[in-house]
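Let me begin by presenting the structure, written as structure tokens, before commenting on it.
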Amino acid sequence: MLVYLTHTEEALANYYGPHALAALRKVADVRLNETGRHLAGRELAEAAAGCQAIVSYRQSPGEAATFAHAPDLVAFLRCAVDIRNVDVEAASAAGVLVTRATPGFIPSVAELVLGQMVDLARGVSAAAAAYHQGRVPEARMGVQLSGSTLGIIGYGAIGRYLAPLGLALGMHVLVADPFVQVEDARIGQVPRERLLAESDFVVCLAVANEQTENLMDAAAFARMKRGAFFLNPSRGNLVDEAAMQAALDSGHLAGCALDVGRAPDQMPMPALAAHPRVVATPHIGGLTPAAIEHQAFDTVRQVAALAEGRLPDHAVNAAQAHRLARLGITP
């Protein structure tokens with residue numbers, strides 16, 4: 001079986017890893033992206049000509065033009081959970097299977113949130129930056145996490161992992177999620193409006209979709225306590241960034257920590273990241289060896305299943321993927 005891996009050389013190191021690549025080569029012949037660019041559309045189809053599967057990095061979208069011009073393609077395997085930039089309808093029309101990976105980044109993202117909360121509360125990176133510039137920073141009063149209230153918007157996998165960590169630090173934990181029932185009696189489940197009003201640290205972990213676009217808007221920031229902190233480790237489109245900047249400029253928000261934003265590859269916008277009340281990181285929440293290998297090995301197992309004539313796990317359109325018959329697979 002011939003597989004095209006869309007990762008550029010840098011992305012291959014950071015988002016797939018040598019162990020997963022070696023494992024992939026044991027179950028299939030692998031063609032690498034040696035262009036140095038993130039490919040899309042017809043160009044991606046042409047680069048993958050003759051391949052039965054494409055293993056796709058998040059910056060190589062699955063566009064309709066790719067599926068229209070890849071007659072040999074049987075499966076498009078996304079090495080990520082988020083498949084919003086994969087045109088599943090177009091893939092289905094062409095009979096191409098689409099799969100996704102499972103979330104192996106849960107501890108990694110939660111740990112980054114803890115670090116950013118400490119940074120916001122104690123001014124760690126600001127003090128370190130001053131020292132690096134040869135200045136002695138002012139010793140400022142900080143905020144103690146123990147005794148503070150942590151509000152988590154969205155009680156999915158990361159929220160469920162983060163909440164007990166907050167409890168372990170002595171924080172009061174509130175959760176707002178209308179679709180999930182919180183069973184831990186130590187956690188208060190409240191409407192989002194109350195969570196915003198009572199929390200010292202608000203972490204936005206809602207699912208990103210059309211309904212949650214700009215979930216954190218001017219009204220939401222206005223409901224937050226004056227002097228509270230906001231953290232977004234999830235997706236940039238959950239936040240009205242102009243409203244967030246206005247809340248920072250006015251001093252209503254004491255600070256924000258951002259690992260995502262509306263810049264390319266879901267990174268924070270550089271102008272917003274430069275704000276003196278912002279602690280920003282370049283979308284590194286899931287960037288640990290354990291996290292990236294989890295998702296990469298999901299794709300290895302999916303390729304192995306295809307090569308063995310089995311339907312792979314985590315398929316999203318198996319019923320429409322008629323090209324699977326070429327591999328002797330009946331969904």
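We label chains A, B, ... in the order they appear in the structure tokens, count residues from 1 in each chain, and number ligands from 1 in the order shown.
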Apply DSSP to the backbone of this structure and, from range 186-289 of chain A, keep only the residues in alpha helix (DSSP H); write these as a PDB file with N, CA and C atoms, in the first residue's frame.
ATOM      1  N   ARG A 192     -23.533  29.434  32.394  1.00  0.00           N
ATOM      2  CA  ARG A 192     -22.324  30.149  31.984  1.00  0.00           C
ATOM      3  C   ARG A 192     -22.285  31.564  32.547  1.00  0.00           C
ATOM      4  N   GLU A 193     -23.434  32.231  32.629  1.00  0.00           N
ATOM      5  CA  GLU A 193     -23.457  33.598  33.138  1.00  0.00           C
ATOM      6  C   GLU A 193     -22.969  33.655  34.584  1.00  0.00           C
ATOM      7  N   ARG A 194     -23.386  32.677  35.397  1.00  0.00           N
ATOM      8  CA  ARG A 194     -22.948  32.652  36.787  1.00  0.00           C
ATOM      9  C   ARG A 194     -21.464  32.300  36.870  1.00  0.00           C
ATOM     10  N   LEU A 195     -21.032  31.374  36.056  1.00  0.00           N
ATOM     11  CA  LEU A 195     -19.601  31.017  36.053  1.00  0.00           C
ATOM     12  C   LEU A 195     -18.743  32.235  35.746  1.00  0.00           C
ATOM     13  N   LEU A 196     -19.134  33.004  34.743  1.00  0.00           N
ATOM     14  CA  LEU A 196     -18.362  34.193  34.389  1.00  0.00           C
ATOM     15  C   LEU A 196     -18.321  35.185  35.544  1.00  0.00           C
ATOM     16  N   ALA A 197     -19.425  35.339  36.225  1.00  0.00           N
ATOM     17  CA  ALA A 197     -19.513  36.327  37.298  1.00  0.00           C
ATOM     18  C   ALA A 197     -18.726  35.939  38.541  1.00  0.00           C
ATOM     19  N   GLU A 198     -18.540  34.645  38.776  1.00  0.00           N
ATOM     20  CA  GLU A 198     -17.952  34.189  40.029  1.00  0.00           C
ATOM     21  C   GLU A 198     -16.515  33.694  39.913  1.00  0.00           C
ATOM     22  N   ALA A 218     -18.318  40.698  23.830  1.00  0.00           N
ATOM     23  CA  ALA A 218     -18.235  41.833  24.752  1.00  0.00           C
ATOM     24  C   ALA A 218     -19.118  41.630  25.972  1.00  0.00           C
ATOM     25  N   ALA A 219     -20.313  41.079  25.764  1.00  0.00           N
ATOM     26  CA  ALA A 219     -21.221  40.865  26.890  1.00  0.00           C
ATOM     27  C   ALA A 219     -20.645  39.837  27.859  1.00  0.00           C
ATOM     28  N   ALA A 220     -20.025  38.782  27.314  1.00  0.00           N
ATOM     29  CA  ALA A 220     -19.446  37.750  28.183  1.00  0.00           C
ATOM     30  C   ALA A 220     -18.289  38.304  28.998  1.00  0.00           C
ATOM     31  N   PHE A 221     -17.424  39.079  28.371  1.00  0.00           N
ATOM     32  CA  PHE A 221     -16.305  39.659  29.124  1.00  0.00           C
ATOM     33  C   PHE A 221     -16.799  40.649  30.173  1.00  0.00           C
ATOM     34  N   ALA A 222     -17.870  41.363  29.857  1.00  0.00           N
ATOM     35  CA  ALA A 222     -18.425  42.318  30.824  1.00  0.00           C
ATOM     36  C   ALA A 222     -18.984  41.607  32.056  1.00  0.00           C
ATOM     37  N   ARG A 223     -19.456  40.369  31.881  1.00  0.00           N
ATOM     38  CA  ARG A 223     -20.002  39.614  33.020  1.00  0.00           C
ATOM     39  C   ARG A 223     -18.898  39.120  33.957  1.00  0.00           C
ATOM     40  N   GLU A 241     -12.050  38.754  19.466  1.00  0.00           N
ATOM     41  CA  GLU A 241     -10.762  39.267  19.921  1.00  0.00           C
ATOM     42  C   GLU A 241     -10.774  40.773  20.146  1.00  0.00           C
ATOM     43  N   ALA A 242     -11.586  41.489  19.391  1.00  0.00           N
ATOM     44  CA  ALA A 242     -11.691  42.940  19.623  1.00  0.00           C
ATOM     45  C   ALA A 242     -12.300  43.207  20.992  1.00  0.00           C
ATOM     46  N   ALA A 243     -13.304  42.411  21.372  1.00  0.00           N
ATOM     47  CA  ALA A 243     -13.930  42.562  22.684  1.00  0.00           C
ATOM     48  C   ALA A 243     -12.944  42.195  23.793  1.00  0.00           C
ATOM     49  N   MET A 244     -12.157  41.161  23.566  1.00  0.00           N
ATOM     50  CA  MET A 244     -11.160  40.768  24.567  1.00  0.00           C
ATOM     51  C   MET A 244     -10.113  41.863  24.741  1.00  0.00           C
ATOM     52  N   GLN A 245      -9.652  42.430  23.637  1.00  0.00           N
ATOM     53  CA  GLN A 245      -8.654  43.494  23.748  1.00  0.00           C
ATOM     54  C   GLN A 245      -9.225  44.709  24.466  1.00  0.00           C
ATOM     55  N   ALA A 246     -10.484  45.034  24.201  1.00  0.00           N
ATOM     56  CA  ALA A 246     -11.106  46.169  24.885  1.00  0.00           C
ATOM     57  C   ALA A 246     -11.183  45.916  26.391  1.00  0.00           C
ATOM     58  N   ALA A 247     -11.490  44.678  26.777  1.00  0.00           N
ATOM     59  CA  ALA A 247     -11.551  44.348  28.204  1.00  0.00           C
ATOM     60  C   ALA A 247     -10.176  44.402  28.850  1.00  0.00           C
ATOM     61  N   LEU A 248      -9.147  44.058  28.082  1.00  0.00           N
ATOM     62  CA  LEU A 248      -7.774  44.176  28.586  1.00  0.00           C
ATOM     63  C   LEU A 248      -7.358  45.640  28.703  1.00  0.00           C
ATOM     64  N   ASP A 249      -7.647  46.409  27.669  1.00  0.00           N
ATOM     65  CA  ASP A 249      -7.250  47.823  27.658  1.00  0.00           C
ATOM     66  C   ASP A 249      -7.899  48.606  28.795  1.00  0.00           C
ATOM     67  N   SER A 250      -9.142  48.263  29.106  1.00  0.00           N
ATOM     68  CA  SER A 250      -9.870  48.985  30.159  1.00  0.00           C
ATOM     69  C   SER A 250      -9.431  48.565  31.558  1.00  0.00           C
ATOM     70  N   PRO A 270      -0.434  38.108  16.356  1.00  0.00           N
ATOM     71  CA  PRO A 270       0.759  38.719  16.930  1.00  0.00           C
ATOM     72  C   PRO A 270       0.498  40.042  17.655  1.00  0.00           C
ATOM     73  N   ALA A 271      -0.380  40.886  17.105  1.00  0.00           N
ATOM     74  CA  ALA A 271      -0.646  42.170  17.752  1.00  0.00           C
ATOM     75  C   ALA A 271      -1.293  41.969  19.114  1.00  0.00           C
ATOM     76  N   LEU A 272      -2.188  41.004  19.218  1.00  0.00           N
ATOM     77  CA  LEU A 272      -2.837  40.732  20.494  1.00  0.00           C
ATOM     78  C   LEU A 272      -1.872  40.048  21.459  1.00  0.00           C
ATOM     79  N   ALA A 273      -1.046  39.151  20.936  1.00  0.00           N
ATOM     80  CA  ALA A 273      -0.075  38.452  21.775  1.00  0.00           C
ATOM     81  C   ALA A 273       0.939  39.414  22.392  1.00  0.00           C
ATOM     82  N   PRO A 289       6.016  15.023  22.918  1.00  0.00           N
ATOM     83  CA  PRO A 289       6.172  13.743  22.216  1.00  0.00           C
ATOM     84  C   PRO A 289       5.021  12.779  22.477  1.00  0.00           C
TER      85      PRO A 289
END
Inset, instruction - Write out as a ChimeraX atom specification each polymer residue whose atoms come within 7 Å of range 255-266 of chain A, counting only C-alpha atoms; drop sequence neighbours fewer than 2 positions from it. - result: /A:59,116,120,229-237,248,253,268-269,277-285
With only C-alpha atoms counted and 10 Å as the cut-off, give the residues of range 279-324 of chain A in contact with range 8-15 of chain A, each with its shortest interatomic distance in Å and the pair that gives it, as a Markdown table.
| residue | atom | partner | partner_atom | distance |
| --- | --- | --- | --- | --- |
| A:Gly286 | CA | A:Tyr15 | CA | 9.1 |
| A:Leu287 | CA | A:Asn14 | CA | 7.2 |
| A:Thr288 | CA | A:Asn14 | CA | 8.3 |
| A:Pro289 | CA | A:Asn14 | CA | 8.1 |
| A:Ala291 | CA | A:Tyr15 | CA | 8.9 |
| A:Ile292 | CA | A:Tyr15 | CA | 5.4 |
| A:Glu293 | CA | A:Tyr15 | CA | 7.7 |
| A:Gln295 | CA | A:Tyr15 | CA | 8.8 |
| A:Ala296 | CA | A:Tyr15 | CA | 7.7 |
Legend entry - Atom-to-atom span, CA of Gln144 in chain A and CA of Asp177 in chain A, Å: 26.1 Å
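Pairwise distance (CA of Leu215 in chain A, CA of Val239 in chain A) equals 6.0 Å.
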Each range 140-186 of chain A residue no farther than 8 Å from range 98-115 of chain A, nearest pair in Å, only C-alpha atoms, as JSON lines:
{"residue": "A:Ala157", "atom": "CA", "partner": "A:Ile106", "partner_atom": "CA", "distance": 6.7}
{"residue": "A:Ile158", "atom": "CA", "partner": "A:Ile106", "partner_atom": "CA", "distance": 5.2}
{"residue": "A:Tyr161", "atom": "CA", "partner": "A:Ala110", "partner_atom": "CA", "distance": 7.0}
{"residue": "A:Leu162", "atom": "CA", "partner": "A:Ala110", "partner_atom": "CA", "distance": 5.5}
With N, CA and C atoms retained, write the just-selected residues as a PDB file, in the first residue's frame.
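result.pdb was written with the following content:
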ATOM      1  N   ALA A 157     -13.230  16.304  27.267  1.00  0.00           N
ATOM      2  CA  ALA A 157     -12.111  15.503  27.759  1.00  0.00           C
ATOM      3  C   ALA A 157     -11.101  16.344  28.529  1.00  0.00           C
ATOM      4  N   ILE A 158     -10.751  17.509  28.000  1.00  0.00           N
ATOM      5  CA  ILE A 158      -9.762  18.343  28.686  1.00  0.00           C
ATOM      6  C   ILE A 158     -10.360  18.938  29.956  1.00  0.00           C
ATOM      7  N   TYR A 161     -10.339  16.498  32.700  1.00  0.00           N
ATOM      8  CA  TYR A 161      -8.983  16.264  33.214  1.00  0.00           C
ATOM      9  C   TYR A 161      -8.508  17.447  34.052  1.00  0.00           C
ATOM     10  N   LEU A 162      -8.861  18.663  33.620  1.00  0.00           N
ATOM     11  CA  LEU A 162      -8.393  19.869  34.283  1.00  0.00           C
ATOM     12  C   LEU A 162      -9.074  20.100  35.631  1.00  0.00           C
TER      13      LEU A 162
END
Inset, instruction - Using DSSP on the backbone coordinates, identify all residues within range 125-241 of chain A classified as strand (DSSP E or B); present the result as a ChimeraX atom specification. - result: /A:149-153,172-176,188-189,201-204,216,228-232,239
Inset, instruction - Tell me which protein, DNA and RNA residues are within 9 Å of His19 in chain A, counting only C-alpha atoms, leaving out same-chain ones fewer than 4 positions away, and put them as a list in words. - result: Ala23, Leu24, Glu293 and Phe297 of chain A
Those residues you just picked out, can you put them in a file as a CSV table (one decimal), in the first residue's frame with N, CA, C and O atoms?
chain,number,residue,atom,x,y,z
A,23,ALA,N,7.2,3.2,12.3
A,23,ALA,CA,6.1,2.2,12.3
A,23,ALA,C,5.2,2.2,11.1
A,23,ALA,O,4.8,1.2,10.6
A,24,LEU,N,5.0,3.4,10.5
A,24,LEU,CA,4.2,3.5,9.3
A,24,LEU,C,4.9,2.8,8.2
A,24,LEU,O,4.3,2.2,7.3
A,293,GLU,N,2.7,11.6,19.3
A,293,GLU,CA,2.8,10.2,18.9
A,293,GLU,C,1.5,9.5,19.1
A,293,GLU,O,1.2,8.6,18.3
A,297,PHE,N,0.3,7.5,15.9
A,297,PHE,CA,0.1,6.1,15.9
A,297,PHE,C,-1.3,5.7,15.6
A,297,PHE,O,-1.6,4.6,15.1
Inset, instruction - Tell me which protein, DNA and RNA residues are within 8 Å of Gly154 in chain A, counting only C-alpha atoms, leaving out same-chain ones fewer than 3 positions away, and put them as a list in words. - result: Gly159, Val175, Ala176, Asp177, Cys204, Leu205, Ala206 and Val207 of chain A
Could those residues be written to a file, using C-alpha atoms, as an mmCIF file, in the first residue's frame?
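And here is the file that came out, selection.cif:
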data_model
loop_
_atom_site.group_PDB
_atom_site.id
_atom_site.type_symbol
_atom_site.label_atom_id
_atom_site.label_comp_id
_atom_site.auth_asym_id
_atom_site.auth_seq_id
_atom_site.Cartn_x
_atom_site.Cartn_y
_atom_site.Cartn_z
ATOM 1 C CA GLY A 159 -12.255 19.943 31.072
ATOM 2 C CA VAL A 175 -18.279 24.080 35.183
ATOM 3 C CA ALA A 176 -20.711 25.351 32.557
ATOM 4 C CA ASP A 177 -21.830 22.855 29.924
ATOM 5 C CA CYS A 204 -12.680 28.339 27.562
ATOM 6 C CA LEU A 205 -12.809 24.710 26.415
ATOM 7 C CA ALA A 206 -16.077 24.758 24.493
ATOM 8 C CA VAL A 207 -16.428 22.862 21.227
#
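Taking CA of Asp29 in chain A as the reference point, CA of Tyr4 in chain A is found at 8.7 Å.
The protein and nucleic acid residues lying at most 10 Å from Gly328 in chain A are A:Leu306, A:Ala307, A:Glu308, A:Gly309, A:Arg310, A:Leu311, with only C-alpha atoms considered and sequence neighbours fewer than 6 positions away removed.
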Legend entry - Residues near His38 in chain A, cut-off 10 Å, only C-alpha atoms, skip fewer than 5 positions along chain, as a list in words: Thr6, His7, Thr8, Ala11, Asn33, Glu43, Leu44, Tyr57, Arg58, Gln59, Ser60 and Pro61 of chain A
Take the residues just selected and output them with C-alpha atoms as a PDB file, in the first residue's frame.
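Output file again-v2.pdb follows:
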ATOM      1  CA  THR A   6       1.623  15.633   3.881  1.00  0.00           C
ATOM      2  CA  HIS A   7       3.814  16.871   6.742  1.00  0.00           C
ATOM      3  CA  THR A   8       6.678  19.151   5.735  1.00  0.00           C
ATOM      4  CA  ALA A  11       5.995  19.400  10.738  1.00  0.00           C
ATOM      5  CA  ASN A  33       6.248  15.758   1.212  1.00  0.00           C
ATOM      6  CA  GLU A  43      -1.502  20.199  -6.009  1.00  0.00           C
ATOM      7  CA  LEU A  44      -1.920  17.785  -3.100  1.00  0.00           C
ATOM      8  CA  TYR A  57      -1.230  17.263   8.712  1.00  0.00           C
ATOM      9  CA  ARG A  58      -3.655  19.920   9.930  1.00  0.00           C
ATOM     10  CA  GLN A  59      -2.272  22.539   7.499  1.00  0.00           C
ATOM     11  CA  SER A  60      -3.021  20.342   4.503  1.00  0.00           C
ATOM     12  CA  PRO A  61      -6.810  20.596   4.148  1.00  0.00           C
TER      13      PRO A  61
END
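Using only C-alpha atoms, the smallest distance between any of A:Ala126, A:Ala274, A:Ala163, A:Val173 and Ser148 in chain A comes from A:Val173.
Shell of Val27 in chain A at 12 Å, with only C-alpha atoms counted and residues fewer than 4 places along the chain excluded, is A:Met1, A:Leu2, A:Val3, A:Ala20, A:Leu21, A:Ala22, A:Ala23, A:Phe297, A:Thr299, A:Val300, A:Arg301, A:Gln302, A:Val303, A:Ala304, A:Ala305, A:Leu306, A:Ala307, A:Glu308.
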Write a file of the selected residues as a PDB file, in the first residue's frame, keeping N, CA and C atoms.
ATOM      1  N   MET A   1       0.855  -1.191   0.000  1.00  0.00           N
ATOM      2  CA  MET A   1       0.000   0.000   0.000  1.00  0.00           C
ATOM      3  C   MET A   1       0.887   1.235   0.000  1.00  0.00           C
ATOM      4  N   LEU A   2       0.551   2.218  -0.824  1.00  0.00           N
ATOM      5  CA  LEU A   2       1.339   3.443  -0.940  1.00  0.00           C
ATOM      6  C   LEU A   2       0.612   4.581  -0.226  1.00  0.00           C
ATOM      7  N   VAL A   3       1.333   5.263   0.661  1.00  0.00           N
ATOM      8  CA  VAL A   3       0.765   6.324   1.504  1.00  0.00           C
ATOM      9  C   VAL A   3       1.542   7.615   1.300  1.00  0.00           C
ATOM     10  N   ALA A  20       6.752   7.050  15.017  1.00  0.00           N
ATOM     11  CA  ALA A  20       5.540   6.778  14.238  1.00  0.00           C
ATOM     12  C   ALA A  20       5.881   6.602  12.763  1.00  0.00           C
ATOM     13  N   LEU A  21       6.805   7.394  12.249  1.00  0.00           N
ATOM     14  CA  LEU A  21       7.188   7.260  10.843  1.00  0.00           C
ATOM     15  C   LEU A  21       7.796   5.882  10.588  1.00  0.00           C
ATOM     16  N   ALA A  22       8.648   5.420  11.495  1.00  0.00           N
ATOM     17  CA  ALA A  22       9.236   4.087  11.346  1.00  0.00           C
ATOM     18  C   ALA A  22       8.150   3.016  11.375  1.00  0.00           C
ATOM     19  N   ALA A  23       7.169   3.180  12.256  1.00  0.00           N
ATOM     20  CA  ALA A  23       6.080   2.212  12.341  1.00  0.00           C
ATOM     21  C   ALA A  23       5.225   2.237  11.075  1.00  0.00           C
ATOM     22  N   PHE A 297       0.276   7.548  15.862  1.00  0.00           N
ATOM     23  CA  PHE A 297       0.097   6.099  15.881  1.00  0.00           C
ATOM     24  C   PHE A 297      -1.343   5.692  15.597  1.00  0.00           C
ATOM     25  N   THR A 299      -2.975   6.989  13.165  1.00  0.00           N
ATOM     26  CA  THR A 299      -2.961   6.870  11.699  1.00  0.00           C
ATOM     27  C   THR A 299      -2.192   5.631  11.254  1.00  0.00           C
ATOM     28  N   VAL A 300      -1.150   5.257  11.991  1.00  0.00           N
ATOM     29  CA  VAL A 300      -0.422   4.020  11.659  1.00  0.00           C
ATOM     30  C   VAL A 300      -1.366   2.825  11.741  1.00  0.00           C
ATOM     31  N   ARG A 301      -2.148   2.777  12.816  1.00  0.00           N
ATOM     32  CA  ARG A 301      -3.097   1.661  12.973  1.00  0.00           C
ATOM     33  C   ARG A 301      -4.177   1.700  11.897  1.00  0.00           C
ATOM     34  N   GLN A 302      -4.580   2.899  11.496  1.00  0.00           N
ATOM     35  CA  GLN A 302      -5.590   3.007  10.446  1.00  0.00           C
ATOM     36  C   GLN A 302      -5.046   2.520   9.103  1.00  0.00           C
ATOM     37  N   VAL A 303      -3.804   2.891   8.790  1.00  0.00           N
ATOM     38  CA  VAL A 303      -3.182   2.413   7.553  1.00  0.00           C
ATOM     39  C   VAL A 303      -3.016   0.899   7.594  1.00  0.00           C
ATOM     40  N   ALA A 304      -2.586   0.377   8.743  1.00  0.00           N
ATOM     41  CA  ALA A 304      -2.421  -1.076   8.878  1.00  0.00           C
ATOM     42  C   ALA A 304      -3.744  -1.799   8.638  1.00  0.00           C
ATOM     43  N   ALA A 305      -4.824  -1.257   9.160  1.00  0.00           N
ATOM     44  CA  ALA A 305      -6.142  -1.873   8.953  1.00  0.00           C
ATOM     45  C   ALA A 305      -6.499  -1.888   7.472  1.00  0.00           C
ATOM     46  N   LEU A 306      -6.291  -0.765   6.790  1.00  0.00           N
ATOM     47  CA  LEU A 306      -6.582  -0.708   5.354  1.00  0.00           C
ATOM     48  C   LEU A 306      -5.756  -1.732   4.589  1.00  0.00           C
ATOM     49  N   ALA A 307      -4.462  -1.828   4.941  1.00  0.00           N
ATOM     50  CA  ALA A 307      -3.576  -2.760   4.245  1.00  0.00           C
ATOM     51  C   ALA A 307      -3.991  -4.206   4.466  1.00  0.00           C
ATOM     52  N   GLU A 308      -4.633  -4.460   5.609  1.00  0.00           N
ATOM     53  CA  GLU A 308      -5.081  -5.814   5.937  1.00  0.00           C
ATOM     54  C   GLU A 308      -6.521  -6.085   5.497  1.00  0.00           C
TER      55      GLU A 308
END
